[in-house]
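**Student:** Data: input.cif, mmCIF, C-alpha atoms and all ligand atoms.
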```cif
data_input
#
loop_
_atom_site.label_atom_id
_atom_site.label_comp_id
_atom_site.auth_asym_id
_atom_site.auth_seq_id
_atom_site.Cartn_x
_atom_site.Cartn_y
_atom_site.Cartn_z
CA MET A 1 45.73 26.51 -42.26
CA GLU A 2 42.26 27.16 -43.66
CA ILE A 3 40.44 28.43 -46.71
CA THR A 4 38.08 31.25 -45.81
CA GLN A 5 36.65 32.14 -49.19
CA LEU A 6 36.38 30.52 -52.61
CA ILE A 7 35.28 32.16 -55.86
CA LEU A 8 34.64 30.02 -58.92
CA THR A 9 34.23 31.20 -62.50
CA ASN A 10 33.32 28.64 -65.19
CA PHE A 11 34.76 25.78 -63.17
CA LYS A 12 32.96 22.54 -64.11
CA ASN A 13 29.24 23.15 -63.48
CA TYR A 14 29.79 26.44 -61.59
CA GLU A 15 29.36 29.51 -63.76
CA LYS A 16 29.90 32.10 -61.03
CA GLU A 17 29.68 31.25 -57.34
CA SER A 18 31.36 32.19 -54.10
CA PHE A 19 31.59 30.55 -50.70
CA GLN A 20 32.56 31.66 -47.19
CA PHE A 21 33.68 28.68 -45.15
CA SER A 22 33.70 27.71 -41.51
CA SER A 23 37.16 27.21 -40.02
CA GLN A 24 36.12 23.74 -38.80
CA ILE A 25 33.45 21.63 -40.45
CA ASN A 26 31.83 22.42 -43.80
CA CYS A 27 29.06 20.15 -45.05
CA LEU A 28 28.11 20.18 -48.69
CA VAL A 29 24.75 18.51 -49.14
CA GLY A 30 22.65 17.93 -52.23
CA ARG A 31 21.39 15.31 -54.64
CA ASN A 32 23.65 13.33 -56.99
CA GLY A 33 25.39 15.24 -59.76
CA MET A 34 24.78 18.72 -58.33
CA GLY A 35 28.42 19.80 -57.91
CA LYS A 36 29.49 18.76 -54.40
CA THR A 37 32.57 16.86 -55.61
CA ASN A 38 33.36 19.64 -58.09
CA LEU A 39 33.63 22.05 -55.19
CA LEU A 40 36.10 19.77 -53.37
CA ASP A 41 38.05 19.47 -56.60
CA ALA A 42 38.30 23.28 -56.90
CA ILE A 43 39.84 23.45 -53.41
CA TYR A 44 42.20 20.57 -54.28
CA TYR A 45 43.19 22.42 -57.46
CA LEU A 46 44.29 25.48 -55.48
CA CYS A 47 46.47 23.29 -53.26
CA MET A 48 48.02 20.98 -55.87
CA GLY A 49 47.76 23.01 -59.08
CA LYS A 50 45.67 20.32 -60.77
CA SER A 51 42.39 18.42 -60.51
CA TYR A 52 42.28 15.20 -58.50
CA PHE A 53 39.86 13.69 -61.02
CA VAL A 54 40.51 15.11 -64.50
CA PRO A 55 44.12 15.14 -65.77
CA ASN A 56 43.40 17.48 -68.68
CA ASP A 57 42.49 21.08 -67.76
CA ARG A 58 40.59 21.39 -71.03
CA TYR A 59 37.67 19.44 -69.59
CA LEU A 60 37.39 21.56 -66.46
CA SER A 61 35.85 24.71 -67.89
CA LEU A 62 32.06 24.94 -67.92
CA HIS A 63 30.57 23.34 -71.05
CA GLY A 64 30.39 25.94 -73.81
CA THR A 65 33.23 28.03 -72.36
CA ASP A 66 36.98 27.72 -72.80
CA PHE A 67 38.47 29.23 -69.67
CA PHE A 68 38.08 28.95 -65.92
CA ARG A 69 39.33 30.71 -62.82
CA ILE A 70 39.52 29.59 -59.20
CA GLU A 71 40.27 32.11 -56.46
CA GLY A 72 40.88 31.09 -52.86
CA HIS A 73 41.64 33.12 -49.77
CA PHE A 74 43.60 31.27 -47.13
CA ASP A 75 44.70 31.95 -43.57
CA ARG A 76 48.12 30.36 -43.16
CA GLU A 77 50.58 30.91 -40.33
CA GLU A 78 48.77 34.12 -39.40
CA LYS A 79 49.05 35.51 -42.89
CA ARG A 80 46.41 35.96 -45.57
CA GLU A 81 47.24 34.27 -48.86
CA LYS A 82 45.35 34.75 -52.10
CA ILE A 83 45.81 31.92 -54.57
CA VAL A 84 44.42 32.16 -58.10
CA ALA A 85 44.43 29.46 -60.77
CA LYS A 86 43.65 30.56 -64.32
CA VAL A 87 43.34 28.44 -67.41
CA ILE A 88 42.98 30.36 -70.65
CA PRO A 89 43.10 28.78 -74.14
CA LYS A 90 46.48 28.79 -75.92
CA LYS A 91 48.20 30.10 -72.77
CA LYS A 92 50.13 28.22 -70.15
CA LYS A 93 48.07 27.63 -67.04
CA GLU A 94 48.80 30.21 -64.40
CA LEU A 95 48.96 29.86 -60.66
CA GLU A 96 49.42 33.03 -58.65
CA ARG A 97 50.17 33.68 -55.03
CA ASN A 98 49.20 37.16 -53.88
CA GLY A 99 49.21 38.44 -57.45
CA VAL A 100 52.62 36.98 -58.35
CA PRO A 101 52.62 34.08 -60.84
CA TYR A 102 54.72 31.06 -59.91
CA ALA A 103 57.54 30.43 -62.38
CA LYS A 104 57.03 26.71 -61.83
CA LEU A 105 53.87 25.05 -60.55
CA SER A 106 55.98 22.66 -58.49
CA GLU A 107 57.10 25.57 -56.26
CA HIS A 108 53.56 25.70 -54.85
CA ILE A 109 53.24 22.01 -53.91
CA GLY A 110 53.30 21.57 -50.15
CA PHE A 111 52.51 25.22 -49.43
CA LEU A 112 48.84 24.36 -48.77
CA PRO A 113 48.85 20.71 -47.66
CA VAL A 114 45.73 18.73 -48.54
CA VAL A 115 44.31 15.21 -48.21
CA ILE A 116 41.30 14.08 -50.21
CA ILE A 117 39.34 10.88 -49.62
CA ILE A 118 36.88 9.61 -52.24
CA PRO A 119 34.93 6.34 -52.63
CA ASP A 120 37.06 5.31 -55.63
CA ASP A 121 40.16 5.28 -53.42
CA THR A 122 39.52 1.55 -52.92
CA LEU A 123 40.97 1.23 -56.44
CA LEU A 124 44.32 1.96 -54.77
CA ALA A 125 44.24 -1.59 -53.45
CA THR A 126 42.71 -3.37 -56.41
CA GLU A 127 44.22 -1.63 -59.46
CA GLY A 128 47.76 -1.62 -60.87
CA SER A 129 50.80 -0.14 -59.19
CA GLU A 130 50.54 3.30 -60.83
CA ALA A 131 47.84 4.49 -58.42
CA ARG A 132 49.95 3.42 -55.43
CA ARG A 133 53.03 5.19 -56.78
CA ARG A 134 50.88 8.29 -57.25
CA PHE A 135 49.84 8.03 -53.59
CA LEU A 136 53.50 7.78 -52.55
CA ASP A 137 54.55 10.67 -54.77
CA ASN A 138 51.62 12.86 -53.77
CA THR A 139 52.47 12.46 -50.08
CA ILE A 140 56.25 12.82 -50.25
CA SER A 141 56.05 15.73 -52.71
CA GLN A 142 53.96 17.70 -50.25
CA LEU A 143 56.68 17.19 -47.64
CA ASP A 144 59.85 17.55 -49.67
CA PRO A 145 60.26 19.97 -52.63
CA LEU A 146 63.54 18.30 -53.60
CA TYR A 147 61.73 14.96 -54.00
CA LEU A 148 59.32 16.56 -56.48
CA LYS A 149 62.22 18.16 -58.36
CA HIS A 150 63.99 14.79 -58.70
CA LEU A 151 60.75 13.06 -59.64
CA ILE A 152 60.07 15.54 -62.46
CA GLN A 153 63.64 15.10 -63.69
CA TYR A 154 63.47 11.27 -63.52
CA GLN A 155 60.19 11.25 -65.45
CA LYS A 156 61.56 13.62 -68.09
CA VAL A 157 64.68 11.52 -68.73
CA LEU A 158 62.60 8.32 -68.69
CA ARG A 159 60.31 9.76 -71.39
CA GLN A 160 63.38 10.64 -73.50
CA ARG A 161 64.88 7.18 -72.97
CA ASN A 162 61.63 5.51 -74.01
CA ALA A 163 61.32 7.72 -77.08
CA ALA A 164 64.92 6.83 -78.04
CA LEU A 165 64.24 3.09 -77.60
CA LYS A 166 61.15 3.38 -79.78
CA GLN A 167 63.07 5.26 -82.42
CA MET A 168 65.90 2.67 -82.31
CA GLY A 169 63.28 -0.06 -82.75
CA GLU A 170 61.87 1.68 -85.83
CA SER A 171 65.26 2.37 -87.42
CA GLY A 172 66.75 -0.99 -86.44
CA ARG A 173 69.90 0.77 -85.15
CA PHE A 174 70.53 0.07 -81.48
CA GLN A 175 72.70 2.78 -79.86
CA GLU A 176 73.97 1.44 -76.56
CA SER A 177 76.04 4.58 -75.88
CA LEU A 178 72.95 6.80 -76.03
CA LEU A 179 71.23 4.63 -73.42
CA GLU A 180 74.34 4.95 -71.22
CA VAL A 181 73.89 8.74 -71.31
CA TYR A 182 70.26 8.47 -70.19
CA ASP A 183 71.12 5.91 -67.50
CA LEU A 184 73.67 8.28 -66.05
CA GLN A 185 71.04 11.04 -65.91
CA LEU A 186 68.58 8.74 -64.16
CA GLN A 187 71.03 7.75 -61.47
CA MET A 188 71.02 10.77 -59.15
CA PRO A 189 67.26 11.49 -59.11
CA GLY A 190 66.62 7.73 -58.95
CA LEU A 191 68.74 7.27 -55.86
CA TYR A 192 67.08 10.18 -54.08
CA ILE A 193 63.55 9.01 -54.92
CA SER A 194 64.28 5.46 -53.84
CA GLU A 195 65.76 6.49 -50.48
CA LYS A 196 62.85 8.81 -49.75
CA ARG A 197 60.23 6.20 -50.63
CA GLU A 198 61.88 3.66 -48.37
CA ALA A 199 62.12 6.13 -45.47
CA PHE A 200 58.50 7.17 -46.02
CA VAL A 201 57.20 3.61 -45.69
CA GLU A 202 59.17 3.12 -42.49
CA GLU A 203 57.73 6.25 -40.91
CA PHE A 204 54.25 5.61 -42.30
CA ASN A 205 53.69 2.04 -41.05
CA PRO A 206 53.26 2.67 -37.31
CA ILE A 207 50.84 5.53 -38.08
CA LEU A 208 48.85 3.35 -40.48
CA ALA A 209 48.63 0.52 -37.94
CA GLN A 210 47.45 2.93 -35.24
CA VAL A 211 44.74 4.56 -37.39
CA TYR A 212 43.47 1.17 -38.61
CA ARG A 213 43.29 -0.05 -35.01
CA THR A 214 41.12 2.95 -34.09
CA ILE A 215 38.77 2.51 -37.04
CA SER A 216 38.41 -1.27 -36.96
CA GLY A 217 38.52 -1.82 -33.21
CA GLY A 218 41.90 -3.52 -33.25
CA ALA A 219 41.06 -6.75 -35.05
CA GLU A 220 44.12 -6.94 -37.33
CA THR A 221 47.35 -5.06 -38.00
CA ALA A 222 47.51 -2.99 -41.18
CA SER A 223 50.83 -2.41 -42.90
CA CYS A 224 52.36 -1.70 -46.26
CA SER A 225 55.67 -2.75 -47.70
CA TYR A 226 57.79 -1.11 -50.34
CA ARG A 227 58.73 -3.17 -53.40
CA SER A 228 61.33 -1.97 -55.84
CA PRO A 229 63.51 -3.58 -58.52
CA LEU A 230 66.36 -1.78 -56.74
CA GLN A 231 65.99 -4.14 -53.79
CA LYS A 232 67.50 -6.93 -55.93
CA GLU A 233 70.11 -4.71 -57.57
CA PRO A 234 70.77 -1.50 -55.58
CA ASP A 235 72.93 0.05 -58.31
CA LEU A 236 70.47 1.66 -60.76
CA MET A 237 73.05 1.85 -63.59
CA GLU A 238 73.79 -1.84 -63.22
CA LEU A 239 70.07 -2.67 -63.04
CA LEU A 240 69.39 -0.77 -66.26
CA ARG A 241 72.39 -2.43 -67.89
CA LYS A 242 71.09 -5.89 -66.99
CA HIS A 243 67.72 -5.08 -68.63
CA ARG A 244 69.18 -3.56 -71.77
CA ASP A 245 68.44 -6.59 -73.98
CA LYS A 246 64.85 -6.71 -72.78
CA ASP A 247 64.48 -2.95 -73.37
CA ARG A 248 65.83 -3.42 -76.88
CA ILE A 249 63.23 -6.08 -77.67
CA LEU A 250 60.28 -4.31 -76.04
CA HIS A 251 61.28 -0.73 -77.10
CA ARG A 252 60.77 0.71 -73.60
CA THR A 253 62.50 0.94 -70.23
CA THR A 254 61.45 -2.24 -68.47
CA THR A 255 62.97 -1.63 -65.07
CA GLY A 256 63.54 1.24 -62.65
CA LEU A 257 61.68 3.25 -60.06
CA HIS A 258 58.67 3.57 -62.32
CA ARG A 259 58.09 -0.11 -61.50
CA ASP A 260 58.05 0.40 -57.71
CA ASP A 261 54.99 -0.69 -55.77
CA LEU A 262 53.43 -0.74 -52.33
CA VAL A 263 51.98 -4.01 -51.05
CA PHE A 264 49.12 -3.62 -48.57
CA ASN A 265 48.76 -6.23 -45.84
CA LEU A 266 46.38 -7.12 -43.03
CA ASP A 267 48.44 -9.12 -40.58
CA GLU A 268 50.64 -11.12 -42.94
CA PHE A 269 47.98 -11.49 -45.67
CA PRO A 270 47.85 -9.38 -48.86
CA LEU A 271 44.81 -7.12 -48.69
CA LYS A 272 44.08 -7.52 -52.39
CA ARG A 273 43.50 -11.24 -52.11
CA PHE A 274 41.98 -11.82 -48.71
CA ALA A 275 40.19 -8.71 -47.42
CA SER A 276 36.41 -8.42 -47.14
CA GLN A 277 34.72 -5.31 -48.58
CA GLY A 278 34.50 -3.79 -45.10
CA GLN A 279 38.15 -4.49 -44.33
CA LEU A 280 39.17 -3.04 -47.68
CA LYS A 281 37.19 0.15 -47.05
CA SER A 282 38.57 0.51 -43.51
CA PHE A 283 42.12 -0.06 -44.77
CA ILE A 284 41.91 2.60 -47.47
CA LEU A 285 40.30 5.08 -45.12
CA SER A 286 43.11 4.40 -42.63
CA LEU A 287 45.69 4.83 -45.37
CA LYS A 288 44.37 8.30 -46.20
CA LEU A 289 43.94 9.38 -42.59
CA ALA A 290 47.47 8.14 -41.89
CA GLN A 291 48.61 10.27 -44.84
CA TYR A 292 46.91 13.19 -43.08
CA GLU A 293 48.67 12.43 -39.78
CA LEU A 294 52.08 12.07 -41.38
CA ILE A 295 51.80 15.34 -43.31
CA LYS A 296 50.51 17.11 -40.19
CA LYS A 297 53.40 15.78 -38.10
CA ASN A 298 56.11 16.69 -40.61
CA LYS A 299 54.81 20.11 -41.61
CA ASN A 300 53.55 21.09 -38.19
CA GLN A 301 50.43 22.23 -39.98
CA ARG A 302 46.99 20.64 -40.36
CA PRO A 303 46.23 19.84 -43.99
CA LEU A 304 42.79 20.57 -45.42
CA LEU A 305 40.72 17.39 -45.29
CA LEU A 306 38.31 16.84 -48.18
CA LEU A 307 35.91 13.95 -47.66
CA ASP A 308 33.76 12.95 -50.60
CA ASP A 309 30.81 10.65 -49.95
CA ILE A 310 32.71 8.67 -47.35
CA PHE A 311 29.53 7.62 -45.52
CA ASP A 312 28.16 5.96 -48.63
CA LYS A 313 27.30 2.28 -48.05
CA LEU A 314 28.31 2.42 -44.38
CA ASP A 315 25.76 1.40 -41.78
CA HIS A 316 24.55 3.88 -39.17
CA HIS A 317 27.00 2.64 -36.49
CA ARG A 318 30.03 2.99 -38.72
CA VAL A 319 28.97 6.49 -39.81
CA ASP A 320 28.60 7.46 -36.17
CA HIS A 321 31.99 5.96 -35.30
CA LEU A 322 33.70 7.69 -38.19
CA LEU A 323 32.10 11.05 -37.51
CA ALA A 324 33.15 10.80 -33.87
CA LEU A 325 36.70 10.18 -35.03
CA LEU A 326 36.61 13.17 -37.40
CA LEU A 327 34.98 15.54 -34.94
CA ASP A 328 36.88 14.56 -31.83
CA GLY A 329 40.25 13.99 -33.49
CA ASP A 330 42.85 16.65 -34.00
CA PHE A 331 41.73 17.73 -37.45
CA GLY A 332 41.70 21.29 -38.77
CA GLN A 333 39.31 22.39 -41.48
CA VAL A 334 37.18 19.59 -42.90
CA PHE A 335 34.85 19.46 -45.91
CA ILE A 336 32.27 16.68 -46.06
CA THR A 337 29.89 15.94 -48.93
CA ASP A 338 26.73 13.93 -48.40
CA THR A 339 23.50 13.31 -50.28
CA ASP A 340 21.64 12.87 -47.01
CA GLN A 341 21.00 16.38 -45.74
CA LYS A 342 19.85 15.30 -42.29
CA ARG A 343 22.44 12.66 -41.50
CA VAL A 344 25.59 14.73 -41.08
CA SER A 345 24.01 17.92 -39.76
CA GLN A 346 22.11 16.10 -37.00
CA MET A 347 25.24 14.38 -35.82
CA ILE A 348 27.37 17.50 -35.96
CA GLU A 349 24.72 19.59 -34.21
CA SER A 350 24.87 17.16 -31.31
CA ARG A 351 28.56 17.98 -30.86
CA ASP A 352 30.29 21.15 -29.96
CA SER A 353 31.83 22.03 -33.31
CA SER A 354 31.60 25.13 -35.41
CA TYR A 355 30.15 24.18 -38.75
CA ARG A 356 28.54 25.57 -41.86
CA GLU A 357 26.23 23.78 -44.23
CA PHE A 358 25.71 24.45 -47.93
CA LEU A 359 22.94 23.10 -50.13
CA ILE A 360 24.34 22.51 -53.61
CA THR A 361 21.90 22.52 -56.53
CA LYS A 362 23.19 22.46 -60.11
CA GLY A 363 26.26 24.63 -59.61
CA LYS A 364 24.56 26.98 -57.15
CA ALA A 365 25.14 27.07 -53.41
CA THR A 366 22.85 28.22 -50.61
CA ALA A 367 24.24 28.54 -47.09
CA LEU A 368 21.76 26.85 -44.74
N1 LIG B 1 33.11 20.99 -67.54
C1 LIG B 1 31.86 20.86 -67.07
N2 LIG B 1 30.87 21.72 -67.47
C2 LIG B 1 29.63 21.60 -66.99
N3 LIG B 1 29.22 20.64 -66.13
C3 LIG B 1 30.16 19.77 -65.74
C4 LIG B 1 31.51 19.82 -66.17
N4 LIG B 1 32.20 18.82 -65.59
C5 LIG B 1 31.31 18.15 -64.81
N5 LIG B 1 30.08 18.71 -64.90
C6 LIG B 1 28.84 18.30 -64.25
O1 LIG B 1 29.01 18.26 -62.86
C7 LIG B 1 28.12 17.28 -62.35
C8 LIG B 1 28.84 16.37 -61.37
O2 LIG B 1 29.13 17.10 -60.27
P1 LIG B 1 29.72 16.39 -58.97
O3 LIG B 1 30.54 15.22 -59.34
O4 LIG B 1 30.31 17.48 -58.18
O5 LIG B 1 28.35 15.86 -58.33
P2 LIG B 1 28.05 15.49 -56.82
O6 LIG B 1 27.12 16.52 -56.29
O7 LIG B 1 29.29 15.27 -56.09
O8 LIG B 1 27.27 14.14 -57.06
P3 LIG B 1 27.32 12.72 -56.31
O9 LIG B 1 26.49 12.87 -55.09
O10 LIG B 1 26.69 11.84 -57.34
O11 LIG B 1 28.77 12.40 -56.06
C9 LIG B 1 27.60 16.47 -63.49
O12 LIG B 1 26.24 16.84 -63.71
C10 LIG B 1 28.48 16.88 -64.65
O13 LIG B 1 27.80 16.86 -65.85
#
```
Rewrite the structure from the file as structure tokens, please.
**Tutor:**
Amino acid sequence: MEITQLILTNFKNYEKESFQFSSQINCLVGRNGMGKTNLLDAIYYLCMGKSYFVPNDRYLSLHGTDFFRIEGHFDREEKREKIVAKVIPKKKKELERNGVPYAKLSEHIGFLPVVIIIPDDTLLATEGSEARRRFLDNTISQLDPLYLKHLIQYQKVLRQRNAALKQMGESGRFQESLLEVYDLQLQMPGLYISEKREAFVEEFNPILAQVYRTISGGAETASCSYRSPLQKEPDLMELLRKHRDKDRILHRTTTGLHRDDLVFNLDEFPLKRFASQGQLKSFILSLKLAQYELIKKNKNQRPLLLLDDIFDKLDHHRVDHLLALLLDGDFGQVFITDTDQKRVSQMIESRDSSYREFLITKGKATAL
């Protein structure tokens, strides 16, 4: 699967620009703040129906404008696919495939698999559990439409349950029977999500260990383990029942799948506490490349790989090692941003890969 052409209108700092891409390596070079990451984000948007960086579409249109449009032409399973994302004020955002709008955005997820790697991904290891759940959900949703359907349902009922608890707190009238109704609605999607997360971690671990071994030279074994309140009480209804008093006091749902987490380990030690900066960076890179491998294996399709500034702060040897991995490995279309114009192009030129280079300057692109 590959994107052949991209046309941007009012997207972030691009007023009007179009790109023709190489089917293998695309390097986006330019100084800081010119729009390299914005371009990756536009491609991500076409695949996932949202920005990787900015949750609210309102902030994505060029300053001084109130709408944007992203058009991408893809080659997928020997068919041409035109995907258009349009955000217009006071209208629901629209995502179209070959001129036909999707009824639900979620129907598109997984159609164009994608993996993005950015420097801030190290926050996955150091921040709270929400980022790790997002990683889990992002990966499994691209593989299993039913997972995404159950996830949306679980989150909807959870929001309603929390709103009811808040309202009960304000009115001072606790309605246990209403909570029972919500708990019942959480049960089926909850069970499905939990089973899928557990199965994902099992399948993911050997791939993660293998990728980390390649990147780090085999010093330690990388793994992750799934933590869920359901491991102590496998019956979700019963679990929610046991936490009802706490929920009543705190006016929110204090247990459930929205409290799940992934624990990252190097050998038997938690990454968060013991890893050096280099180990942390290698782990997170491995995590994302393992995500790529797992999606590729399950979908029998190579996802797009978007690499933002991944050479930043790495010494020359590590950059060389990483580039060798990316160029010699079984990757499909890759996009790489770099502020150092010479670094990537020199190394790619020395290999036998088809590539195209773009110089990005303030929302304008010149093919080099
Ligand atoms: N809605 C918007 N309208 C206009 N400009 C925007 C908008 N959103 C972001 N920008 C601009 O885009 C620029 C950032 O672009 P981007 O993050 O793609 O830079 P970059 O080339 O990747 O830089 P770096 O090398 O520092 O990562 C900033 O100058 C920012 O002001």
**Student:** Take CA of Ile215 in chain A and CA of Ser129 in chain A and report the distance between them in Å, one decimal.
**Tutor:** 25.3 Å
**Student:** What is the CA of Leu326 in chain A to CA of Pro206 in chain A distance in Å?
**Tutor:** 19.7 Å
**Student:** Hey, which of A:Ile3, A:Leu112, A:Val29, A:Ala275 ends up closest to ligand LIG 1 (chain B)? Count only C-alpha atoms and all ligand atoms.
**Tutor:**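 The closest residue to ligand LIG 1 (chain B) is A:Val29.
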**Student:** Show me which residues line ligand LIG 1 (chain B), defined as having an atom within 6 Å of a ligand atom where all atoms listed in the file count, and present them as a list of chain:residue names.
**Tutor:**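 I would give the residues around ligand LIG 1 (chain B) as A:Lys12, A:Asn13, A:Arg31, A:Asn32, A:Gly33, A:Met34, A:Gly35, A:Lys36, A:Thr37, A:Asn38, A:Tyr59, A:Leu60, A:Ser61, A:Leu62, A:His63, A:Thr339.
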**Student:** Scan for residues within 8 Å of the point (45.2, 23.8, -68.6) in the coordinates of the file, using all atoms listed in the file, and reply as a list in words.
**Tutor:**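 Neighbouring residues, ordered by chain and number, come to Asn56, Asp57, Arg58, Val87, Ile88, Pro89, Lys92 and Lys93 of chain A.
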**Student:** Just the selected residues (C-alpha atoms), exported as a compact mmCIF listing (two decimals), in the coordinates of the input, please.
**Tutor:**
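The resulting again.txt:
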```txt
# COMPACT_ATOMS: atom_id res chain seq x y z
CA ASN A 56 43.40 17.48 -68.68
CA ASP A 57 42.49 21.08 -67.76
CA ARG A 58 40.59 21.39 -71.03
CA VAL A 87 43.34 28.44 -67.41
CA ILE A 88 42.98 30.36 -70.65
CA PRO A 89 43.10 28.78 -74.14
CA LYS A 92 50.13 28.22 -70.15
CA LYS A 93 48.07 27.63 -67.04
```
**Student:** Which value, in Å to one decimal, gives the distance between CA of Ala290 in chain A and CA of Asp75 in chain A?
**Tutor:**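 CA of Asp75 in chain A lies at a distance of 24.0 Å from CA of Ala290 in chain A.
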**Student:** Using only C-alpha atoms, can you tell me which of A:Pro113, A:Phe264, A:Asp330, A:Pro101 comes closest to Lys299 in chain A?
**Tutor:** A:Pro113
**Student:** Have a look at A:Lys242, A:Lys288, A:His316, A:Arg80 and name the one nearest to Thr139 in chain A; count only C-alpha atoms.
**Tutor:**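 Smallest separation from Thr139 in chain A among the options: A:Lys288.
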**Student:** Which residues, written as a VMD selection string, have at least one atom at most 10 Å from Gln210 in chain A, with all atoms listed in the file counted and residues fewer than 2 positions away on the same chain left out?
**Tutor:** chain A and resid 205 to 208 212 to 215 218 221 to 223 286 290
**Student:** Pick the closest to Val201 in chain A from A:Arg133, A:Leu239, A:Pro55, A:Gln155: which is it, counting all atoms listed in the file?
**Tutor:**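 Among the listed residues, A:Arg133 lies closest to Val201 in chain A.
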